[in-house]
$ cat model_37.tsv   # TSV, C-alpha atoms
chain	number	residue	atom	x	y	z
U	1	MET	CA	113.25	107.56	106.44
U	2	SER	CA	110.24	108.76	108.36
U	3	LEU	CA	107.68	106.14	109.35
U	4	GLN	CA	105.01	108.79	108.90
U	5	LYS	CA	104.99	107.54	105.31
U	6	THR	CA	103.86	104.14	104.13
U	7	ILE	CA	107.10	102.24	103.64
U	8	ILE	CA	107.13	99.06	101.57
U	9	ALA	CA	110.06	96.66	101.32
U	10	VAL	CA	110.18	95.20	97.82
U	11	ASP	CA	111.91	91.94	96.94
U	12	VAL	CA	113.01	93.30	93.56
U	13	MET	CA	114.93	90.13	92.63
U	14	GLY	CA	112.02	87.71	93.04
U	15	GLY	CA	109.65	86.31	90.41
U	16	ASP	CA	110.14	85.03	86.90
U	17	HIS	CA	111.37	88.37	85.55
U	18	GLY	CA	113.10	90.13	88.46
U	19	LEU	CA	114.32	93.69	87.95
U	20	SER	CA	112.84	94.08	84.46
U	21	VAL	CA	109.36	93.96	86.03
U	22	THR	CA	109.79	95.10	89.64
U	23	LEU	CA	111.71	98.32	88.96
U	24	PRO	CA	109.31	99.87	86.41
U	25	ALA	CA	106.43	98.95	88.73
U	26	CYS	CA	108.25	100.66	91.62
U	27	ALA	CA	108.83	103.77	89.50
U	28	GLU	CA	105.12	104.04	88.67
U	29	PHE	CA	104.15	103.37	92.29
U	30	LEU	CA	106.34	106.21	93.56
U	31	ARG	CA	104.91	108.53	90.91
U	32	THR	CA	101.30	107.80	91.93
U	33	HIS	CA	101.89	107.53	95.71
U	34	PRO	CA	103.76	110.69	96.77
U	35	ASP	CA	103.18	109.84	100.43
U	36	ALA	CA	104.92	106.45	100.22
U	37	GLY	CA	108.48	105.19	100.13
U	38	LEU	CA	110.14	101.99	98.91
U	39	LEU	CA	113.07	99.93	100.12
U	40	LEU	CA	114.45	98.07	97.09
U	41	VAL	CA	115.93	94.84	98.40
U	42	GLY	CA	118.41	92.89	96.31
U	43	GLU	CA	121.91	92.83	94.86
U	44	GLN	CA	122.85	96.51	95.05
U	45	THR	CA	125.20	96.57	92.04
U	46	GLN	CA	122.55	95.13	89.73
U	47	ILE	CA	119.86	97.45	91.11
U	48	ARG	CA	121.98	100.59	90.76
U	49	SER	CA	122.93	99.76	87.17
U	50	ALA	CA	119.24	99.35	86.27
U	51	LEU	CA	117.80	102.38	88.09
U	52	THR	CA	118.33	104.96	85.33
U	53	GLN	CA	116.86	102.64	82.72
U	54	HIS	CA	113.61	102.59	84.69
U	55	GLN	CA	113.48	106.32	85.63
U	56	LEU	CA	114.45	105.71	89.25
U	57	THR	CA	117.01	107.47	91.41
U	58	GLU	CA	118.11	106.81	94.95
U	59	SER	CA	116.45	109.23	97.36
U	60	GLU	CA	114.74	109.39	100.72
U	61	ARG	CA	111.71	107.73	99.12
U	62	CYS	CA	113.68	105.15	97.15
U	63	GLN	CA	116.48	103.39	99.01
U	64	ILE	CA	118.46	100.26	98.21
U	65	VAL	CA	118.98	97.57	100.84
U	66	HIS	CA	121.62	95.04	99.81
U	67	ALA	CA	120.98	91.31	99.81
U	68	SER	CA	123.55	88.94	98.36
U	69	GLU	CA	121.29	85.96	97.59
U	70	VAL	CA	118.09	85.20	95.67
U	71	VAL	CA	115.51	82.49	96.34
U	72	GLU	CA	114.91	80.73	93.04
U	73	MET	CA	111.34	80.10	91.91
U	74	HIS	CA	111.56	76.31	92.19
U	75	GLU	CA	113.95	76.14	95.12
U	76	ALA	CA	113.12	73.82	97.98
U	77	VAL	CA	111.54	75.59	100.95
U	78	GLU	CA	114.09	74.10	103.36
U	79	SER	CA	116.98	75.45	101.28
U	80	ALA	CA	115.45	78.94	101.14
U	81	LEU	CA	114.73	78.94	104.88
U	82	ARG	CA	117.93	77.44	106.26
U	83	ARG	CA	120.65	78.14	103.70
U	84	LYS	CA	119.78	81.54	102.23
U	85	LYS	CA	119.63	83.86	105.22
U	86	ASP	CA	120.76	86.84	103.13
U	87	SER	CA	118.24	86.37	100.33
U	88	SER	CA	116.34	89.40	99.07
U	89	MET	CA	113.13	87.77	100.28
U	90	ARG	CA	114.36	87.21	103.83
U	91	VAL	CA	116.06	90.59	104.15
U	92	ALA	CA	112.83	92.29	103.02
U	93	ILE	CA	110.80	90.37	105.60
U	94	ASN	CA	113.34	91.27	108.29
U	95	LEU	CA	112.79	94.95	107.47
U	96	VAL	CA	109.14	94.52	108.46
U	97	LYS	CA	110.08	92.73	111.67
U	98	GLU	CA	112.56	95.49	112.54
U	99	GLY	CA	109.95	98.19	111.95
U	100	ARG	CA	111.81	99.79	109.05
U	101	ALA	CA	108.98	98.87	106.66
U	102	HIS	CA	105.23	98.51	107.09
U	103	ALA	CA	104.84	95.75	104.47
U	104	ILE	CA	106.78	93.51	102.12
U	105	VAL	CA	105.90	92.59	98.53
U	106	SER	CA	107.47	89.68	96.67
U	107	ALA	CA	106.79	87.78	93.44
U	108	GLY	CA	109.11	85.01	94.56
U	109	ASN	CA	108.62	81.38	95.49
U	110	THR	CA	105.27	81.15	97.34
U	111	GLY	CA	106.23	78.26	99.61
U	112	ALA	CA	109.47	79.95	100.60
U	113	LEU	CA	107.75	83.29	101.21
U	114	MET	CA	105.17	81.69	103.48
U	115	ALA	CA	107.76	79.64	105.38
U	116	ILE	CA	110.22	82.51	105.87
U	117	ALA	CA	107.50	85.02	106.78
U	118	ARG	CA	106.03	82.64	109.31
U	119	PHE	CA	109.46	81.88	110.80
U	120	VAL	CA	110.56	85.52	111.01
U	121	LEU	CA	107.32	87.35	111.80
U	122	LYS	CA	105.42	84.60	113.68
U	123	THR	CA	101.63	84.29	113.73
U	124	LEU	CA	99.22	86.49	115.61
U	125	ASP	CA	97.86	85.29	118.94
U	126	GLY	CA	94.86	83.08	118.27
U	127	ILE	CA	95.92	82.17	114.73
U	128	ASP	CA	97.29	78.67	114.11
U	129	ARG	CA	98.07	79.04	110.41
U	130	PRO	CA	98.43	82.00	108.04
U	131	ALA	CA	96.18	82.00	104.98
U	132	ILE	CA	96.55	83.44	101.49
U	133	ALA	CA	93.70	85.82	100.66
U	134	SER	CA	92.97	87.66	97.44
U	135	ILE	CA	90.11	89.56	95.82
U	136	MET	CA	88.45	87.93	92.82
U	137	PRO	CA	86.11	89.80	90.44
U	138	ASN	CA	82.34	89.34	90.65
U	139	LEU	CA	79.23	90.51	88.82
U	140	GLU	CA	78.44	93.03	91.55
U	141	GLY	CA	81.66	94.85	90.74
U	142	THR	CA	82.77	94.80	94.38
U	143	GLY	CA	85.05	91.78	94.31
U	144	THR	CA	85.01	88.71	96.55
U	145	VAL	CA	87.69	87.99	99.15
U	146	VAL	CA	88.60	84.30	98.91
U	147	LEU	CA	90.84	82.43	101.36
U	148	ASP	CA	92.75	80.20	101.68
U	149	LEU	CA	94.27	80.14	98.18
U	150	GLY	CA	96.98	77.58	98.71
U	151	ALA	CA	98.86	77.95	101.98
U	152	ASN	CA	97.02	75.13	103.81
U	153	VAL	CA	95.99	72.05	101.88
U	154	ASP	CA	94.38	70.35	104.88
U	155	CYS	CA	92.35	72.46	107.30
U	156	THR	CA	90.38	71.80	110.45
U	157	ALA	CA	87.10	73.49	111.26
U	158	GLU	CA	88.96	75.80	113.66
U	159	HIS	CA	91.32	76.88	110.87
U	160	LEU	CA	88.36	77.73	108.65
U	161	GLN	CA	86.85	79.75	111.47
U	162	GLN	CA	90.08	81.71	111.84
U	163	PHE	CA	90.14	82.31	108.07
U	164	ALA	CA	86.60	83.67	108.29
U	165	LEU	CA	87.56	86.15	111.01
U	166	MET	CA	90.62	87.33	109.06
U	167	GLY	CA	88.78	87.54	105.74
U	168	SER	CA	85.93	89.49	107.30
U	169	SER	CA	88.42	91.98	108.78
U	170	LEU	CA	90.18	92.38	105.42
U	171	ALA	CA	86.91	92.97	103.57
U	172	ALA	CA	85.66	95.46	106.15
U	173	ALA	CA	88.90	97.43	105.87
U	174	THR	CA	89.35	97.50	102.11
U	175	MET	CA	85.92	97.26	100.46
U	176	GLU	CA	83.59	100.18	99.80
U	177	HIS	CA	80.00	99.07	99.30
U	178	ALA	CA	76.74	98.52	101.16
U	179	HIS	CA	77.97	95.49	103.12
U	180	ALA	CA	81.49	96.74	103.90
U	181	ALA	CA	80.73	97.46	107.56
U	182	ASN	CA	79.50	93.90	108.11
U	183	PRO	CA	80.82	91.71	105.26
U	184	ARG	CA	78.80	88.66	104.26
U	185	VAL	CA	80.87	85.52	104.89
U	186	GLY	CA	80.13	82.24	103.13
U	187	LEU	CA	81.63	78.76	103.52
U	188	LEU	CA	82.51	77.19	100.15
U	189	ASN	CA	80.72	73.88	99.78
U	190	ILE	CA	79.06	71.54	97.28
U	191	GLY	CA	75.58	72.77	98.18
U	192	HIS	CA	73.73	75.32	100.28
U	193	GLU	CA	72.24	72.76	102.67
U	194	GLU	CA	73.72	72.63	106.16
U	195	MET	CA	74.40	68.88	106.01
U	196	LYS	CA	76.48	69.08	102.81
U	197	GLY	CA	80.26	68.72	102.65
U	198	ASN	CA	82.96	66.77	104.43
U	199	GLU	CA	83.42	66.57	108.19
U	200	ALA	CA	85.64	69.67	108.35
U	201	THR	CA	83.12	71.89	106.55
U	202	LYS	CA	80.19	70.50	108.58
U	203	GLN	CA	82.02	71.27	111.82
U	204	ALA	CA	83.10	74.67	110.48
U	205	PHE	CA	79.47	75.50	109.69
U	206	GLU	CA	78.55	74.94	113.35
U	207	LEU	CA	81.47	77.06	114.56
U	208	LEU	CA	80.74	79.90	112.15
U	209	LYS	CA	77.09	80.07	113.22
U	210	ASN	CA	78.36	81.09	116.68
U	211	THR	CA	81.15	83.38	115.49
U	212	PRO	CA	80.59	87.17	115.67
U	213	ILE	CA	80.61	87.68	111.90
U	214	ASN	CA	77.87	88.03	109.28
U	215	PHE	CA	77.84	84.32	108.37
U	216	ILE	CA	75.37	83.59	105.54
U	217	GLY	CA	75.90	79.81	105.41
U	218	ASN	CA	77.21	77.55	102.68
U	219	VAL	CA	77.86	78.96	99.21
U	220	GLU	CA	78.71	77.21	95.95
U	221	GLY	CA	81.61	77.88	93.62
U	222	ASN	CA	79.64	80.02	91.17
U	223	GLN	CA	79.02	82.59	93.91
U	224	ILE	CA	82.69	83.55	93.89
U	225	PHE	CA	81.90	85.34	90.64
U	226	THR	CA	78.16	86.04	90.80
U	227	GLY	CA	78.34	87.75	94.20
U	228	GLY	CA	76.08	87.33	97.21
U	229	ALA	CA	79.04	86.91	99.56
U	230	ASP	CA	81.84	89.36	100.31
U	231	VAL	CA	84.13	86.70	101.80
U	232	ILE	CA	84.31	83.03	100.86
U	233	VAL	CA	86.23	80.61	103.06
U	234	CYS	CA	87.72	77.29	101.96
U	235	ASP	CA	90.83	75.16	102.44
U	236	GLY	CA	93.92	75.92	100.39
U	237	PHE	CA	93.55	72.97	98.03
U	238	VAL	CA	90.09	74.00	96.86
U	239	GLY	CA	90.95	77.70	96.86
U	240	ASN	CA	94.04	77.30	94.71
U	241	VAL	CA	92.19	75.16	92.17
U	242	ALA	CA	89.42	77.78	91.96
U	243	LEU	CA	91.97	80.59	91.52
U	244	LYS	CA	93.95	78.88	88.76
U	245	ALA	CA	90.76	77.76	87.00
U	246	SER	CA	89.44	81.33	86.97
U	247	GLU	CA	92.72	82.69	85.56
U	248	GLY	CA	92.71	80.03	82.84
U	249	LEU	CA	89.09	80.75	81.96
U	250	ALA	CA	89.76	84.49	81.62
U	251	GLN	CA	92.73	83.82	79.34
U	252	MET	CA	90.70	81.37	77.25
U	253	LEU	CA	87.84	83.85	76.74
U	254	ALA	CA	90.25	86.60	75.72
U	255	THR	CA	91.92	84.23	73.24
U	256	PHE	CA	88.58	83.15	71.80
U	257	LEU	CA	87.64	86.79	71.21
U	258	ARG	CA	90.89	87.48	69.38
U	259	GLN	CA	90.49	84.37	67.25
U	260	GLU	CA	86.88	85.05	66.30
U	261	PHE	CA	87.39	88.73	65.46
U	262	GLY	CA	90.49	87.89	63.43
U	263	ARG	CA	88.88	85.10	61.41
U	264	ASN	CA	88.33	87.08	58.17
U	265	LEU	CA	88.01	90.60	56.77
U	266	LEU	CA	84.37	90.94	57.84
U	267	THR	CA	85.09	89.94	61.46
U	268	LYS	CA	88.10	92.27	61.52
U	269	LEU	CA	85.87	95.15	60.46
U	270	ALA	CA	83.38	94.13	63.14
U	271	ALA	CA	86.26	94.17	65.64
U	272	LEU	CA	87.01	97.80	64.78
U	273	VAL	CA	83.40	98.76	65.51
U	274	ALA	CA	83.37	96.73	68.71
U	275	LEU	CA	86.84	97.80	69.87
U	276	PRO	CA	85.65	99.96	72.84
U	277	VAL	CA	83.49	97.08	74.08
U	278	ILE	CA	86.30	94.55	73.62
U	279	ARG	CA	88.76	96.72	75.55
U	280	HIS	CA	86.31	97.20	78.40
U	281	PHE	CA	85.60	93.46	78.51
U	282	LYS	CA	89.30	92.58	78.58
U	283	ARG	CA	89.83	95.06	81.39
U	284	ARG	CA	87.02	93.55	83.48
U	285	VAL	CA	88.35	89.99	83.16
U	286	ASP	CA	92.04	90.92	83.38
U	287	HIS	CA	93.35	88.94	86.35
U	288	ARG	CA	96.37	91.28	86.54
U	289	ARG	CA	94.12	93.96	88.07
U	290	TYR	CA	93.57	91.67	91.08
U	291	ASN	CA	97.21	90.70	91.58
U	292	GLY	CA	98.48	90.83	95.13
U	293	ALA	CA	97.46	88.18	97.64
U	294	SER	CA	97.73	88.95	101.36
U	295	LEU	CA	99.31	86.44	103.73
U	296	LEU	CA	96.93	86.96	106.65
U	297	GLY	CA	97.56	85.92	110.24
U	298	LEU	CA	101.19	87.06	110.50
U	299	ARG	CA	102.62	89.80	112.73
U	300	GLY	CA	103.28	91.92	109.69
U	301	ILE	CA	101.86	92.65	106.25
U	302	VAL	CA	103.10	90.34	103.51
U	303	VAL	CA	101.77	90.56	99.95
U	304	LYS	CA	102.50	87.88	97.35
U	305	SER	CA	102.55	88.84	93.69
U	306	HIS	CA	102.08	86.28	90.94
U	307	GLY	CA	105.49	84.96	89.91
U	308	SER	CA	104.90	85.67	86.22
U	309	ALA	CA	103.54	89.18	86.85
U	310	ASP	CA	104.35	91.98	84.42
U	311	ALA	CA	104.99	95.56	85.57
U	312	PHE	CA	101.29	96.48	85.55
U	313	SER	CA	100.41	93.41	87.58
U	314	PHE	CA	103.25	93.86	90.08
U	315	GLY	CA	102.24	97.50	90.47
U	316	ASN	CA	98.80	96.36	91.60
U	317	ALA	CA	100.44	94.18	94.26
U	318	LEU	CA	102.28	97.27	95.52
U	319	ASP	CA	98.99	99.17	95.58
U	320	ARG	CA	97.40	96.31	97.53
U	321	ALA	CA	100.15	96.44	100.15
U	322	ALA	CA	99.85	100.20	100.58
U	323	GLU	CA	96.06	99.95	100.89
U	324	THR	CA	96.38	97.19	103.50
U	325	VAL	CA	98.75	99.32	105.57
U	326	ARG	CA	96.68	102.50	105.35
U	327	ASN	CA	93.45	100.74	106.28
U	328	GLY	CA	94.94	99.14	109.38
U	329	VAL	CA	94.14	95.58	108.35
U	330	LEU	CA	96.71	94.04	110.70
U	331	GLU	CA	95.29	95.88	113.70
U	332	ARG	CA	91.72	94.98	112.71
U	333	ILE	CA	92.55	91.29	112.46
U	334	SER	CA	94.40	91.30	115.79
U	335	LYS	CA	91.45	92.93	117.53
U	336	ARG	CA	88.88	90.63	115.90
U	337	VAL	CA	90.76	87.45	116.79
U	338	ALA	CA	91.36	88.63	120.36
U	339	GLN	CA	87.61	89.20	120.80
U	340	GLN	CA	86.93	85.67	119.54
U	341	GLN	CA	89.39	83.82	121.77
U	342	PRO	CA	87.25	83.73	124.95
U	343	ILE	CA	84.38	82.21	122.94
U	344	GLN	CA	86.66	79.44	121.65
U	345	GLU	CA	87.91	78.67	125.15
U	346	VAL	CA	84.37	78.31	126.52
U	347	ALA	CA	83.45	76.02	123.62

$ encode --input "model_37.tsv" --output "structure tokens"
Amino acid sequence: MSLQKTIIAVDVMGGDHGLSVTLPACAEFLRTHPDAGLLLVGEQTQIRSALTQHQLTESERCQIVHASEVVEMHEAVESALRRKKDSSMRVAINLVKEGRAHAIVSAGNTGALMAIARFVLKTLDGIDRPAIASIMPNLEGTGTVVLDLGANVDCTAEHLQQFALMGSSLAAATMEHAHAANPRVGLLNIGHEEMKGNEATKQAFELLKNTPINFIGNVEGNQIFTGGADVIVCDGFVGNVALKASEGLAQMLATFLRQEFGRNLLTKLAALVALPVIRHFKRRVDHRRYNGASLLGLRGIVVKSHGSADAFSFGNALDRAAETVRNGVLERISKRVAQQQPIQEVA
């Protein structure tokens, strides 16, 4: 398979639903990305028996790579890393290391994916820890890159500085708006004032002031969604709580709408009139559109899909991986971090 194309290795066995979700998403991806190819990684007998059902056939653009094991969603990280060396997740990551694929997408166990990817691919020079980054919707319609979303519960100021460099590079490569060339980077805190926060965020503030990025200072949680910053940096504990809270809020609002419009005959009639507005609203708050978190800081592109993703959602993770490859995010991050290293050494 020619590496002139964007080649993505897909852990088709991972996630809560496995082949019933990953294969239809792969079929749609190949239909809408004629310049891309997929390596379907998993138990080859099961994959082959399901291909026809999902309008897929083996070809130059759609190849099967056998893997005899699967990392279960609640499996211990140590077990996945040490005992399952032929898992679909690990084989897919190895394809990136070997240069046979430009990126890997998996909906599998997050802890295992991070541990295996870090073990196999290693981190970039100048990066101590990888971070999970994703785009969250905002009122400006441009989206906000937030990291870390759960990979690192405890972070030092230096880690937060590295996250800022990586997040700024990701935003510059993938966003298209007025600030894309020089993304606005904010540090998530409990207030805008410089003296707010714990010791790590106070120290990070000082580091970020002297980092060659467009640092706009501290931002509060509401700015994830109202805009004003293109990149928001935080530790993984805070980021994961914010992510899950936003997903729950979106689901609650959608449920409230269904309940209120279905309350009686009059509200059902009102729902018919308002149907175009309701559909547009649901689309804007649909977290599935933003599925696909990047594991930044590794020597390869790794995209994590939500474990419970449906085909539409998993397809967006595939799109995210292809976009990351085509926009040279890995190269941008490597260059940005290399430029920063001499400054850190002097400090």

$ closest_residue --input "model_37.tsv" --among "U:Gly15, U:Gly221, U:Gly42, U:Gly111" --to "Ala131 in chain U" --atoms "all atoms listed in the file"
U:Gly111

$ residues_around --input "model_37.tsv" --residues "range 54-70 of chain U" --least-positions-apart "5" --cutoff "8 Å" --atoms "only C-alpha atoms" --output "list in words"
Met1, Met13, Gly14, Leu23, Pro24, Ala27, Leu30, Ala36, Gly37, Leu38, Leu39, Leu40, Val41, Gly42, Glu43, Gln44, Ile47, Lys84, Asp86, Ser87, Ser88, Met89 and Val91 of chain U

$ atom_distance --input "model_37.tsv" --atom1 "CA of Ala9 in chain U" --atom2 "CA of Ser313 in chain U"
17.1 Å

$ closest_residue --input "model_37.tsv" --among "U:Val105, U:Ile216, U:Val238, U:Ile132" --to "Glu193 in chain U" --atoms "only C-alpha atoms"
U:Ile216

$ atom_distance --input "model_37.tsv" --atom1 "CA of Val277 in chain U" --atom2 "CA of Ser134 in chain U"
26.9 Å

$ closest_residue --input "model_37.tsv" --among "U:Ala293, U:Leu298, U:Met175, U:Leu51" --to "Thr110 in chain U" --atoms "all atoms listed in the file"
U:Ala293

$ atom_distance --input "model_37.tsv" --atom1 "CA of Gln223 in chain U" --atom2 "CA of Leu296 in chain U"
22.4 Å

$ residues_around --input "model_37.tsv" --residues "Gly99 in chain U" --least-positions-apart "5" --cutoff "12 Å" --atoms "only C-alpha atoms" --output "ChimeraX atom specification"
/U:1-3,6-9,92-94,104,121,299-301

$ closest_atom_pairs --input "model_37.tsv" --of "range 147-209 of chain U" --to "range 315-321 of chain U" --cutoff "12 Å" --atoms "all atoms listed in the file" --output "tab-separated table"
residue	atom	partner	partner_atom	distance
U:Leu170	CA	U:Arg320	CA	11.4
U:Ala173	CA	U:Arg320	CA	12.0
U:Thr174	CA	U:Arg320	CA	9.3
U:Met175	CA	U:Arg320	CA	11.9

$ residues_around --input "model_37.tsv" --residues "Ala254 in chain U" --least-positions-apart "2" --cutoff "12 Å" --atoms "all atoms listed in the file" --output "list of chain:residue names"
U:Glu247, U:Gly248, U:Leu249, U:Ala250, U:Gln251, U:Met252, U:Phe256, U:Leu257, U:Arg258, U:Gln259, U:Glu260, U:Phe261, U:Ile278, U:Arg279, U:His280, U:Phe281, U:Lys282, U:Arg283, U:Arg284, U:Val285, U:Asp286, U:His287

$ closest_residue --input "model_37.tsv" --among "U:Ala229, U:Ala50, U:Val71, U:Ala322" --to "Ala107 in chain U" --atoms "all atoms listed in the file"
U:Val71

$ residues_around --input "model_37.tsv" --residues "Leu165 in chain U" --least-positions-apart "4" --cutoff "7 Å" --atoms "all atoms listed in the file" --output "ChimeraX atom specification"
/U:161,169,336-337

$ closest_residue --input "model_37.tsv" --among "U:Pro130, U:Gly292, U:Gly167, U:Pro137" --to "Phe312 in chain U" --atoms "only C-alpha atoms"
U:Gly292

$ axis_aligned_box --input "model_37.tsv" --around "range 130-136 of chain U" --padding-each-side "3 Å" --output "lines of an AutoDock Vina configuration file"
center_x = 93.4
center_y = 85.8
center_z = 100.4
size_x = 16.0
size_y = 13.6
size_z = 21.2

$ closest_residue --input "model_37.tsv" --among "U:Ala80, U:Ile232, U:Pro276, U:Thr142" --to "Met166 in chain U" --atoms "all atoms listed in the file"
U:Ile232

$ residues_around --input "model_37.tsv" --residues "Phe314 in chain U" --least-positions-apart "6" --cutoff "7 Å" --atoms "all atoms listed in the file" --output "MDAnalysis selection string"
chainID U and resid 22 25 291 305
